[in-house]
file upload.cif (mmCIF, N, CA, C and O atoms)
data_my_file
#
loop_
_atom_site.label_atom_id
_atom_site.label_comp_id
_atom_site.auth_asym_id
_atom_site.auth_seq_id
_atom_site.Cartn_x
_atom_site.Cartn_y
_atom_site.Cartn_z
N GLU A 1 -3.75 2.26 29.98
CA GLU A 1 -3.20 1.05 30.56
C GLU A 1 -3.20 -0.11 29.57
O GLU A 1 -2.45 -1.06 29.74
N TYR A 2 -4.05 -0.04 28.55
CA TYR A 2 -4.10 -1.11 27.55
C TYR A 2 -3.11 -0.90 26.41
O TYR A 2 -2.91 -1.78 25.60
N SER A 3 -2.51 0.26 26.34
CA SER A 3 -1.63 0.58 25.23
C SER A 3 -0.16 0.45 25.61
O SER A 3 0.29 1.03 26.60
N THR A 4 0.57 -0.34 24.85
CA THR A 4 2.01 -0.46 24.99
C THR A 4 2.60 -0.52 23.58
O THR A 4 2.83 -1.59 23.05
N PRO A 5 2.75 0.66 22.94
CA PRO A 5 3.32 0.65 21.59
C PRO A 5 4.68 -0.04 21.59
O PRO A 5 5.50 0.18 22.47
N ARG A 6 4.89 -0.91 20.61
CA ARG A 6 6.11 -1.70 20.55
C ARG A 6 6.87 -1.42 19.27
O ARG A 6 6.27 -1.21 18.23
N THR A 7 8.17 -1.46 19.36
CA THR A 7 9.03 -1.34 18.19
C THR A 7 9.89 -2.59 18.16
O THR A 7 10.64 -2.86 19.11
N PHE A 8 9.77 -3.36 17.09
CA PHE A 8 10.51 -4.59 16.99
C PHE A 8 11.75 -4.37 16.13
O PHE A 8 11.72 -3.67 15.14
N SER A 9 12.84 -4.95 16.56
CA SER A 9 14.07 -4.84 15.78
C SER A 9 14.82 -6.17 15.87
O SER A 9 14.62 -6.94 16.81
N THR A 10 15.67 -6.41 14.89
CA THR A 10 16.44 -7.64 14.88
C THR A 10 17.76 -7.42 15.61
O THR A 10 18.32 -6.33 15.59
N LYS A 11 18.24 -8.46 16.24
CA LYS A 11 19.51 -8.38 16.96
C LYS A 11 20.68 -8.72 16.03
O LYS A 11 21.79 -8.29 16.25
N SER A 12 20.38 -9.48 14.99
CA SER A 12 21.42 -9.89 14.06
C SER A 12 21.52 -8.89 12.91
O SER A 12 20.52 -8.54 12.29
N LYS A 13 22.74 -8.46 12.61
CA LYS A 13 22.94 -7.45 11.59
C LYS A 13 22.55 -7.97 10.20
O LYS A 13 22.04 -7.23 9.38
N GLY A 14 22.76 -9.25 9.93
CA GLY A 14 22.48 -9.81 8.61
C GLY A 14 21.13 -10.51 8.53
O GLY A 14 20.87 -11.25 7.59
N ALA A 15 20.26 -10.32 9.51
CA ALA A 15 18.98 -11.03 9.53
C ALA A 15 18.07 -10.56 8.40
O ALA A 15 18.01 -9.39 8.09
N GLN A 16 17.39 -11.51 7.81
CA GLN A 16 16.43 -11.18 6.76
C GLN A 16 15.09 -10.83 7.39
O GLN A 16 14.71 -11.39 8.40
N GLU A 17 14.39 -9.92 6.76
CA GLU A 17 13.07 -9.51 7.25
C GLU A 17 11.98 -10.28 6.51
O GLU A 17 10.99 -9.74 6.11
N ALA A 18 12.19 -11.57 6.32
CA ALA A 18 11.28 -12.40 5.54
C ALA A 18 9.93 -12.62 6.23
O ALA A 18 8.96 -12.94 5.58
N HIS A 19 9.86 -12.45 7.52
CA HIS A 19 8.63 -12.73 8.24
C HIS A 19 7.89 -11.45 8.60
O HIS A 19 7.30 -11.32 9.67
N GLU A 20 7.93 -10.49 7.72
CA GLU A 20 7.19 -9.25 7.92
C GLU A 20 5.70 -9.58 8.06
O GLU A 20 5.14 -10.34 7.29
N ALA A 21 5.08 -8.99 9.05
CA ALA A 21 3.67 -9.28 9.35
C ALA A 21 2.73 -8.69 8.30
O ALA A 21 3.00 -7.64 7.74
N ILE A 22 1.62 -9.39 8.07
CA ILE A 22 0.54 -8.85 7.25
C ILE A 22 -0.29 -7.98 8.18
O ILE A 22 -0.64 -8.38 9.28
N ARG A 23 -0.59 -6.76 7.75
CA ARG A 23 -1.35 -5.86 8.62
C ARG A 23 -2.19 -4.91 7.77
O ARG A 23 -1.88 -4.67 6.61
N PRO A 24 -3.24 -4.36 8.36
CA PRO A 24 -4.08 -3.40 7.63
C PRO A 24 -3.29 -2.13 7.32
O PRO A 24 -2.43 -1.72 8.09
N THR A 25 -3.58 -1.52 6.18
CA THR A 25 -2.91 -0.27 5.84
C THR A 25 -3.56 0.92 6.53
O THR A 25 -2.94 1.96 6.67
N ASP A 26 -4.81 0.77 6.96
CA ASP A 26 -5.53 1.85 7.64
C ASP A 26 -6.24 1.26 8.85
O ASP A 26 -7.27 0.61 8.73
N MET A 27 -5.69 1.49 10.05
CA MET A 27 -6.25 0.90 11.27
C MET A 27 -7.63 1.47 11.63
O MET A 27 -8.35 0.88 12.42
N SER A 28 -8.02 2.60 11.04
CA SER A 28 -9.34 3.16 11.34
C SER A 28 -10.46 2.39 10.63
O SER A 28 -11.62 2.55 10.96
N ARG A 29 -10.11 1.55 9.66
CA ARG A 29 -11.11 0.74 8.95
C ARG A 29 -11.21 -0.63 9.62
O ARG A 29 -10.59 -1.59 9.20
N HIS A 30 -12.04 -0.68 10.65
CA HIS A 30 -12.20 -1.94 11.39
C HIS A 30 -12.94 -2.98 10.55
O HIS A 30 -12.65 -4.17 10.64
N THR A 31 -13.90 -2.56 9.77
CA THR A 31 -14.63 -3.49 8.91
C THR A 31 -14.56 -2.99 7.47
O THR A 31 -14.44 -1.79 7.21
N VAL A 32 -14.63 -3.93 6.54
CA VAL A 32 -14.63 -3.60 5.12
C VAL A 32 -15.77 -4.35 4.44
O VAL A 32 -16.20 -5.41 4.90
N ASN A 33 -16.28 -3.82 3.35
CA ASN A 33 -17.41 -4.41 2.64
C ASN A 33 -16.90 -5.36 1.57
O ASN A 33 -16.71 -4.99 0.42
N ILE A 34 -16.64 -6.63 1.97
CA ILE A 34 -16.13 -7.65 1.06
C ILE A 34 -16.84 -8.96 1.36
O ILE A 34 -17.70 -9.02 2.25
N GLU A 35 -16.49 -10.03 0.64
CA GLU A 35 -17.13 -11.33 0.85
C GLU A 35 -16.92 -11.81 2.29
O GLU A 35 -15.97 -11.41 2.96
N ARG A 36 -17.80 -12.70 2.73
CA ARG A 36 -17.81 -13.16 4.13
C ARG A 36 -16.46 -13.73 4.57
O ARG A 36 -15.93 -13.35 5.61
N ASP A 37 -15.89 -14.67 3.81
CA ASP A 37 -14.61 -15.27 4.20
C ASP A 37 -13.49 -14.25 4.22
O ASP A 37 -12.63 -14.26 5.11
N GLN A 38 -13.49 -13.35 3.26
CA GLN A 38 -12.47 -12.30 3.21
C GLN A 38 -12.63 -11.35 4.40
O GLN A 38 -11.64 -10.92 4.99
N ALA A 39 -13.87 -11.06 4.76
CA ALA A 39 -14.14 -10.17 5.89
C ALA A 39 -13.68 -10.82 7.20
O ALA A 39 -13.13 -10.14 8.07
N ARG A 40 -13.88 -12.13 7.33
CA ARG A 40 -13.42 -12.84 8.53
C ARG A 40 -11.90 -12.81 8.63
O ARG A 40 -11.34 -12.63 9.70
N LEU A 41 -11.22 -13.01 7.50
CA LEU A 41 -9.76 -12.94 7.49
C LEU A 41 -9.28 -11.54 7.83
O LEU A 41 -8.36 -11.36 8.63
N TYR A 42 -9.92 -10.52 7.25
CA TYR A 42 -9.55 -9.13 7.54
C TYR A 42 -9.73 -8.83 9.03
O TYR A 42 -8.88 -8.20 9.65
N ASP A 43 -10.85 -9.30 9.61
CA ASP A 43 -11.12 -9.08 11.02
C ASP A 43 -10.03 -9.72 11.89
O ASP A 43 -9.56 -9.12 12.86
N LEU A 44 -9.61 -10.93 11.53
CA LEU A 44 -8.54 -11.61 12.26
C LEU A 44 -7.23 -10.81 12.18
O LEU A 44 -6.57 -10.59 13.19
N ILE A 45 -6.88 -10.37 10.98
CA ILE A 45 -5.66 -9.58 10.79
C ILE A 45 -5.74 -8.28 11.58
O ILE A 45 -4.79 -7.88 12.26
N TRP A 46 -6.89 -7.60 11.54
CA TRP A 46 -7.07 -6.33 12.25
C TRP A 46 -6.90 -6.52 13.75
O TRP A 46 -6.19 -5.77 14.42
N LYS A 47 -7.56 -7.56 14.31
CA LYS A 47 -7.50 -7.82 15.75
C LYS A 47 -6.08 -8.18 16.20
O LYS A 47 -5.61 -7.72 17.23
N ARG A 48 -5.38 -9.01 15.42
CA ARG A 48 -4.03 -9.41 15.80
C ARG A 48 -3.07 -8.22 15.73
O ARG A 48 -2.17 -8.10 16.55
N THR A 49 -3.27 -7.35 14.74
CA THR A 49 -2.43 -6.15 14.63
C THR A 49 -2.63 -5.26 15.84
O THR A 49 -1.67 -4.79 16.45
N LEU A 50 -3.88 -5.02 16.21
CA LEU A 50 -4.19 -4.19 17.36
C LEU A 50 -3.65 -4.83 18.65
O LEU A 50 -3.02 -4.16 19.48
N ALA A 51 -3.87 -6.13 18.81
CA ALA A 51 -3.43 -6.83 20.03
C ALA A 51 -1.91 -6.81 20.17
O ALA A 51 -1.40 -6.77 21.29
N SER A 52 -1.19 -6.80 19.06
CA SER A 52 0.28 -6.81 19.13
C SER A 52 0.83 -5.50 19.70
O SER A 52 1.99 -5.45 20.10
N GLN A 53 0.02 -4.45 19.73
CA GLN A 53 0.45 -3.16 20.27
C GLN A 53 -0.14 -2.88 21.65
O GLN A 53 0.00 -1.80 22.18
N MET A 54 -0.80 -3.88 22.22
CA MET A 54 -1.44 -3.70 23.52
C MET A 54 -0.58 -4.29 24.65
O MET A 54 0.35 -5.06 24.41
N SER A 55 -0.93 -3.94 25.86
CA SER A 55 -0.24 -4.45 27.05
C SER A 55 -0.43 -5.95 27.19
O SER A 55 -1.43 -6.51 26.73
N ASP A 56 0.52 -6.58 27.86
CA ASP A 56 0.41 -8.01 28.13
C ASP A 56 -0.73 -8.27 29.12
O ASP A 56 -1.03 -7.43 29.97
N ALA A 57 -1.34 -9.43 28.99
CA ALA A 57 -2.36 -9.84 29.95
C ALA A 57 -1.66 -10.33 31.22
O ALA A 57 -0.52 -10.79 31.17
N GLU A 58 -2.33 -10.20 32.35
CA GLU A 58 -1.79 -10.69 33.62
C GLU A 58 -2.71 -11.78 34.13
O GLU A 58 -3.91 -11.56 34.33
N LEU A 59 -2.15 -12.98 34.31
CA LEU A 59 -2.92 -14.13 34.75
C LEU A 59 -2.37 -14.63 36.08
O LEU A 59 -1.17 -14.55 36.34
N GLU A 60 -3.26 -15.16 36.90
CA GLU A 60 -2.84 -15.80 38.15
C GLU A 60 -3.20 -17.28 38.03
O GLU A 60 -4.37 -17.63 37.82
N ARG A 61 -2.19 -18.12 38.12
CA ARG A 61 -2.39 -19.56 37.99
C ARG A 61 -2.26 -20.22 39.36
O ARG A 61 -1.37 -19.88 40.15
N THR A 62 -3.13 -21.19 39.61
CA THR A 62 -3.10 -21.93 40.87
C THR A 62 -3.07 -23.42 40.56
O THR A 62 -3.87 -23.91 39.77
N ASN A 63 -2.11 -24.13 41.16
CA ASN A 63 -1.99 -25.58 41.02
C ASN A 63 -2.14 -26.20 42.41
O ASN A 63 -1.44 -25.80 43.35
N VAL A 64 -3.04 -27.17 42.53
CA VAL A 64 -3.26 -27.85 43.81
C VAL A 64 -3.14 -29.35 43.59
O VAL A 64 -3.75 -29.90 42.68
N LYS A 65 -2.32 -30.01 44.43
CA LYS A 65 -2.21 -31.47 44.41
C LYS A 65 -2.55 -32.00 45.79
O LYS A 65 -2.03 -31.51 46.79
N ILE A 66 -3.45 -32.98 45.80
CA ILE A 66 -3.89 -33.56 47.06
C ILE A 66 -3.61 -35.07 47.01
O ILE A 66 -4.03 -35.75 46.09
N SER A 67 -2.90 -35.54 48.03
CA SER A 67 -2.63 -36.97 48.11
C SER A 67 -3.19 -37.51 49.43
O SER A 67 -3.52 -36.75 50.33
N SER A 68 -3.26 -38.82 49.51
CA SER A 68 -3.82 -39.46 50.70
C SER A 68 -2.96 -40.66 51.08
O SER A 68 -2.36 -41.30 50.22
N ASP A 69 -2.91 -40.94 52.37
CA ASP A 69 -2.19 -42.13 52.84
C ASP A 69 -2.91 -43.41 52.42
O ASP A 69 -2.29 -44.46 52.26
N LYS A 70 -4.22 -43.32 52.22
CA LYS A 70 -5.03 -44.50 51.95
C LYS A 70 -5.15 -44.82 50.46
O LYS A 70 -5.57 -45.91 50.09
N HIS A 71 -4.80 -43.87 49.59
CA HIS A 71 -4.95 -44.09 48.14
C HIS A 71 -3.65 -43.69 47.44
O HIS A 71 -2.96 -42.76 47.85
N SER A 72 -3.35 -44.38 46.36
CA SER A 72 -2.12 -44.07 45.62
C SER A 72 -2.33 -42.95 44.60
O SER A 72 -1.37 -42.34 44.14
N GLU A 73 -3.58 -42.67 44.26
CA GLU A 73 -3.87 -41.64 43.28
C GLU A 73 -3.65 -40.25 43.87
O GLU A 73 -3.75 -40.05 45.08
N ILE A 74 -3.34 -39.31 43.00
CA ILE A 74 -3.17 -37.91 43.40
C ILE A 74 -4.22 -37.09 42.68
O ILE A 74 -4.37 -37.19 41.46
N PHE A 75 -4.97 -36.30 43.44
CA PHE A 75 -5.96 -35.40 42.85
C PHE A 75 -5.25 -34.09 42.53
O PHE A 75 -4.55 -33.53 43.36
N GLN A 76 -5.41 -33.64 41.28
CA GLN A 76 -4.75 -32.40 40.86
C GLN A 76 -5.78 -31.47 40.24
O GLN A 76 -6.59 -31.87 39.40
N ALA A 77 -5.76 -30.21 40.66
CA ALA A 77 -6.64 -29.18 40.10
C ALA A 77 -5.78 -28.00 39.66
O ALA A 77 -4.86 -27.59 40.38
N ILE A 78 -6.08 -27.49 38.49
CA ILE A 78 -5.34 -26.35 37.96
C ILE A 78 -6.36 -25.28 37.57
O ILE A 78 -7.33 -25.56 36.87
N GLY A 79 -6.12 -24.06 38.02
CA GLY A 79 -7.04 -22.97 37.72
C GLY A 79 -6.29 -21.74 37.26
O GLY A 79 -5.10 -21.57 37.52
N GLU A 80 -7.01 -20.87 36.56
CA GLU A 80 -6.40 -19.66 36.03
C GLU A 80 -7.42 -18.53 36.11
O GLU A 80 -8.57 -18.70 35.74
N VAL A 81 -6.98 -17.38 36.60
CA VAL A 81 -7.84 -16.21 36.73
C VAL A 81 -7.16 -15.05 36.02
O VAL A 81 -5.96 -14.83 36.19
N ILE A 82 -7.92 -14.32 35.22
CA ILE A 82 -7.38 -13.15 34.53
C ILE A 82 -7.41 -11.97 35.50
O ILE A 82 -8.46 -11.56 35.96
N LYS A 83 -6.22 -11.43 35.80
CA LYS A 83 -6.11 -10.27 36.69
C LYS A 83 -6.22 -8.96 35.91
O LYS A 83 -6.73 -7.98 36.41
N PHE A 84 -5.69 -8.96 34.68
CA PHE A 84 -5.77 -7.79 33.79
C PHE A 84 -5.86 -8.33 32.37
O PHE A 84 -5.03 -9.12 31.93
N GLU A 85 -6.88 -7.92 31.62
CA GLU A 85 -7.15 -8.48 30.30
C GLU A 85 -6.06 -8.16 29.27
O GLU A 85 -5.73 -9.00 28.45
N GLY A 86 -5.53 -6.95 29.28
CA GLY A 86 -4.52 -6.57 28.29
C GLY A 86 -5.00 -6.84 26.88
O GLY A 86 -6.13 -6.54 26.51
N PHE A 87 -4.15 -7.48 26.07
CA PHE A 87 -4.48 -7.77 24.68
C PHE A 87 -5.65 -8.75 24.53
O PHE A 87 -6.29 -8.80 23.47
N LEU A 88 -5.95 -9.51 25.57
CA LEU A 88 -7.05 -10.49 25.50
C LEU A 88 -8.40 -9.78 25.35
O LEU A 88 -9.38 -10.39 24.93
N LYS A 89 -8.48 -8.51 25.67
CA LYS A 89 -9.72 -7.74 25.51
C LYS A 89 -10.12 -7.68 24.04
O LYS A 89 -11.29 -7.65 23.71
N VAL A 90 -9.10 -7.70 23.15
CA VAL A 90 -9.35 -7.60 21.71
C VAL A 90 -9.24 -8.96 21.03
O VAL A 90 -10.01 -9.28 20.14
N TYR A 91 -8.27 -9.74 21.44
CA TYR A 91 -7.96 -10.97 20.70
C TYR A 91 -7.68 -12.13 21.62
O TYR A 91 -6.75 -12.09 22.42
N LEU A 92 -8.48 -13.18 21.50
CA LEU A 92 -8.30 -14.40 22.26
C LEU A 92 -8.41 -15.56 21.30
O LEU A 92 -9.45 -15.75 20.67
N GLU A 93 -7.33 -16.33 21.13
CA GLU A 93 -7.34 -17.47 20.20
C GLU A 93 -8.25 -18.56 20.74
O GLU A 93 -8.34 -18.78 21.93
N GLY A 94 -8.88 -19.26 19.80
CA GLY A 94 -9.73 -20.37 20.16
C GLY A 94 -11.06 -19.87 20.57
O GLY A 94 -11.96 -20.42 20.97
#

call {"tool": "encode", "arguments": {"input": "upload.cif", "output": "structure tokens"}}
result
Amino acid sequence: EYSTPRTFSTKSKGAQEAHEAIRPTDMSRHTVNIERDQARLYDLIWKRTLASQMSDAELERTNVKISSDKHSEIFQAIGEVIKFEGFLKVYLEG
């Protein structure tokens, strides 16, 4: 359920492939023995590559607005619940 292999293609016949993604050459190497900053960058690249081939996450968003006859202000609450993690299981920005 977490796997959705994707094949990306361009719609324009003359489109340049200038934005080819940086990705690991061997997905079985989750970690590599290199300097700390390089290892952090590799980990980021590995996670984003894996997440790009995973199913979409499913979120349920709720918006509530409450007003009153006695006050001009409006109380607003916004919430979000993850229904299915999908790619968020591997990679969550921030």

call {"tool": "closest_residue", "arguments": {"input": "upload.cif", "among": "A:Ser52, A:Phe84, A:Asp69, A:Ala57", "to": "A:Thr4", "atoms": "all atoms listed in the file"}}
result
A:Ser52

call {"tool": "atom_distance", "arguments": {"input": "upload.cif", "atom1": "atom N of A:Gln53", "atom2": "atom CA of A:Gly79"}}
result
26.8 Å

call {"tool": "residues_around", "arguments": {"input": "upload.cif", "residues": "A:Asp56", "least_positions_apart": "3", "cutoff": "6 Å", "atoms": "only N, CA, C and O atoms", "output": "ChimeraX atom specification"}}
result
/A:84-87

call {"tool": "select_by_dssp", "arguments": {"input": "upload.cif", "residues": "stretch 19-82 of chain A", "states": "strand (DSSP E or B)", "output": "ChimeraX atom specification"}}
result
/A:54,58-66,75-82

call {"tool": "write_last_selection", "arguments": {"input": "upload.cif", "atoms": "N, CA, C and O atoms", "output": "CSV table (one decimal), in the frame of the given file"}}
result
chain,number,residue,atom,x,y,z
A,54,MET,N,-0.8,-3.9,22.2
A,54,MET,CA,-1.4,-3.7,23.5
A,54,MET,C,-0.6,-4.3,24.6
A,54,MET,O,0.4,-5.1,24.4
A,58,GLU,N,-2.3,-10.2,32.4
A,58,GLU,CA,-1.8,-10.7,33.6
A,58,GLU,C,-2.7,-11.8,34.1
A,58,GLU,O,-3.9,-11.6,34.3
A,59,LEU,N,-2.2,-13.0,34.3
A,59,LEU,CA,-2.9,-14.1,34.8
A,59,LEU,C,-2.4,-14.6,36.1
A,59,LEU,O,-1.2,-14.6,36.3
A,60,GLU,N,-3.3,-15.2,36.9
A,60,GLU,CA,-2.8,-15.8,38.2
A,60,GLU,C,-3.2,-17.3,38.0
A,60,GLU,O,-4.4,-17.6,37.8
A,61,ARG,N,-2.2,-18.1,38.1
A,61,ARG,CA,-2.4,-19.6,38.0
A,61,ARG,C,-2.3,-20.2,39.4
A,61,ARG,O,-1.4,-19.9,40.2
A,62,THR,N,-3.1,-21.2,39.6
A,62,THR,CA,-3.1,-21.9,40.9
A,62,THR,C,-3.1,-23.4,40.6
A,62,THR,O,-3.9,-23.9,39.8
A,63,ASN,N,-2.1,-24.1,41.2
A,63,ASN,CA,-2.0,-25.6,41.0
A,63,ASN,C,-2.1,-26.2,42.4
A,63,ASN,O,-1.4,-25.8,43.4
A,64,VAL,N,-3.0,-27.2,42.5
A,64,VAL,CA,-3.3,-27.8,43.8
A,64,VAL,C,-3.1,-29.4,43.6
A,64,VAL,O,-3.8,-29.9,42.7
A,65,LYS,N,-2.3,-30.0,44.4
A,65,LYS,CA,-2.2,-31.5,44.4
A,65,LYS,C,-2.6,-32.0,45.8
A,65,LYS,O,-2.0,-31.5,46.8
A,66,ILE,N,-3.4,-33.0,45.8
A,66,ILE,CA,-3.9,-33.6,47.1
A,66,ILE,C,-3.6,-35.1,47.0
A,66,ILE,O,-4.0,-35.8,46.1
A,75,PHE,N,-5.0,-36.3,43.4
A,75,PHE,CA,-6.0,-35.4,42.8
A,75,PHE,C,-5.2,-34.1,42.5
A,75,PHE,O,-4.6,-33.5,43.4
A,76,GLN,N,-5.4,-33.6,41.3
A,76,GLN,CA,-4.8,-32.4,40.9
A,76,GLN,C,-5.8,-31.5,40.2
A,76,GLN,O,-6.6,-31.9,39.4
A,77,ALA,N,-5.8,-30.2,40.7
A,77,ALA,CA,-6.6,-29.2,40.1
A,77,ALA,C,-5.8,-28.0,39.7
A,77,ALA,O,-4.9,-27.6,40.4
A,78,ILE,N,-6.1,-27.5,38.5
A,78,ILE,CA,-5.3,-26.4,38.0
A,78,ILE,C,-6.4,-25.3,37.6
A,78,ILE,O,-7.3,-25.6,36.9
A,79,GLY,N,-6.1,-24.1,38.0
A,79,GLY,CA,-7.0,-23.0,37.7
A,79,GLY,C,-6.3,-21.7,37.3
A,79,GLY,O,-5.1,-21.6,37.5
A,80,GLU,N,-7.0,-20.9,36.6
A,80,GLU,CA,-6.4,-19.7,36.0
A,80,GLU,C,-7.4,-18.5,36.1
A,80,GLU,O,-8.6,-18.7,35.7
A,81,VAL,N,-7.0,-17.4,36.6
A,81,VAL,CA,-7.8,-16.2,36.7
A,81,VAL,C,-7.2,-15.0,36.0
A,81,VAL,O,-6.0,-14.8,36.2
A,82,ILE,N,-7.9,-14.3,35.2
A,82,ILE,CA,-7.4,-13.2,34.5
A,82,ILE,C,-7.4,-12.0,35.5
A,82,ILE,O,-8.5,-11.6,36.0

call {"tool": "select_by_dssp", "arguments": {"input": "upload.cif", "residues": "chain A", "states": "alpha helix (DSSP H)", "output": "list in words"}}
result
Arg36, Asp37, Gln38, Ala39, Arg40, Leu41, Tyr42, Asp43, Leu44, Ile45, Trp46, Lys47, Arg48, Thr49, Leu50 and Ala51 of chain A

call {"tool": "residues_near_point", "arguments": {"input": "upload.cif", "point": "(-13.0, -3.8, 7.7)", "cutoff": "6 Å", "atoms": "only C-alpha atoms", "output": "list in words"}}
result
Arg29, His30, Thr31 and Val32 of chain A

call {"tool": "atom_distance", "arguments": {"input": "upload.cif", "atom1": "atom CA of A:Ala39", "atom2": "atom CA of A:Lys89"}}
result
20.3 Å

call {"tool": "residues_near_point", "arguments": {"input": "upload.cif", "point": "(-7.9, -4.5, 13.1)", "cutoff": "7 Å", "atoms": "only N, CA, C and O atoms", "output": "number ranges by chain"}}
result
A: 24, 26-27, 29-30, 42-50

call {"tool": "closest_residue", "arguments": {"input": "upload.cif", "among": "A:Glu1, A:Arg36, A:Glu60, A:Thr25", "to": "A:Ile78", "atoms": "only N, CA, C and O atoms"}}
result
A:Glu60

call {"tool": "atom_distance", "arguments": {"input": "upload.cif", "atom1": "atom CA of A:Glu93", "atom2": "atom N of A:Lys65"}}
result
27.7 Å

call {"tool": "residues_around", "arguments": {"input": "upload.cif", "residues": "A:Leu59", "least_positions_apart": "4", "cutoff": "6 Å", "atoms": "only C-alpha atoms", "output": "PyMOL selection string"}}
result
chain A and resi 81-83

call {"tool": "write_last_selection", "arguments": {"input": "upload.cif", "atoms": "N, CA, C and O atoms", "output": "compact mmCIF listing (two decimals), in the frame of the given file"}}
result
# COMPACT_ATOMS: atom_id res chain seq x y z
N VAL A 81 -6.98 -17.38 36.60
CA VAL A 81 -7.84 -16.21 36.73
C VAL A 81 -7.16 -15.05 36.02
O VAL A 81 -5.96 -14.83 36.19
N ILE A 82 -7.92 -14.32 35.22
CA ILE A 82 -7.38 -13.15 34.53
C ILE A 82 -7.41 -11.97 35.50
O ILE A 82 -8.46 -11.56 35.96
N LYS A 83 -6.22 -11.43 35.80
CA LYS A 83 -6.11 -10.27 36.69
C LYS A 83 -6.22 -8.96 35.91
O LYS A 83 -6.73 -7.98 36.41

call {"tool": "resolve_selection", "arguments": {"input": "upload.cif", "expression": "the PyMOL selection byres ((chain A and resi 5) around 8)", "output": "list in words"}}
result
Tyr2, Ser3, Thr4, Arg6, Thr7, Phe8, Ser52, Gln53, Met54 and Ser55 of chain A
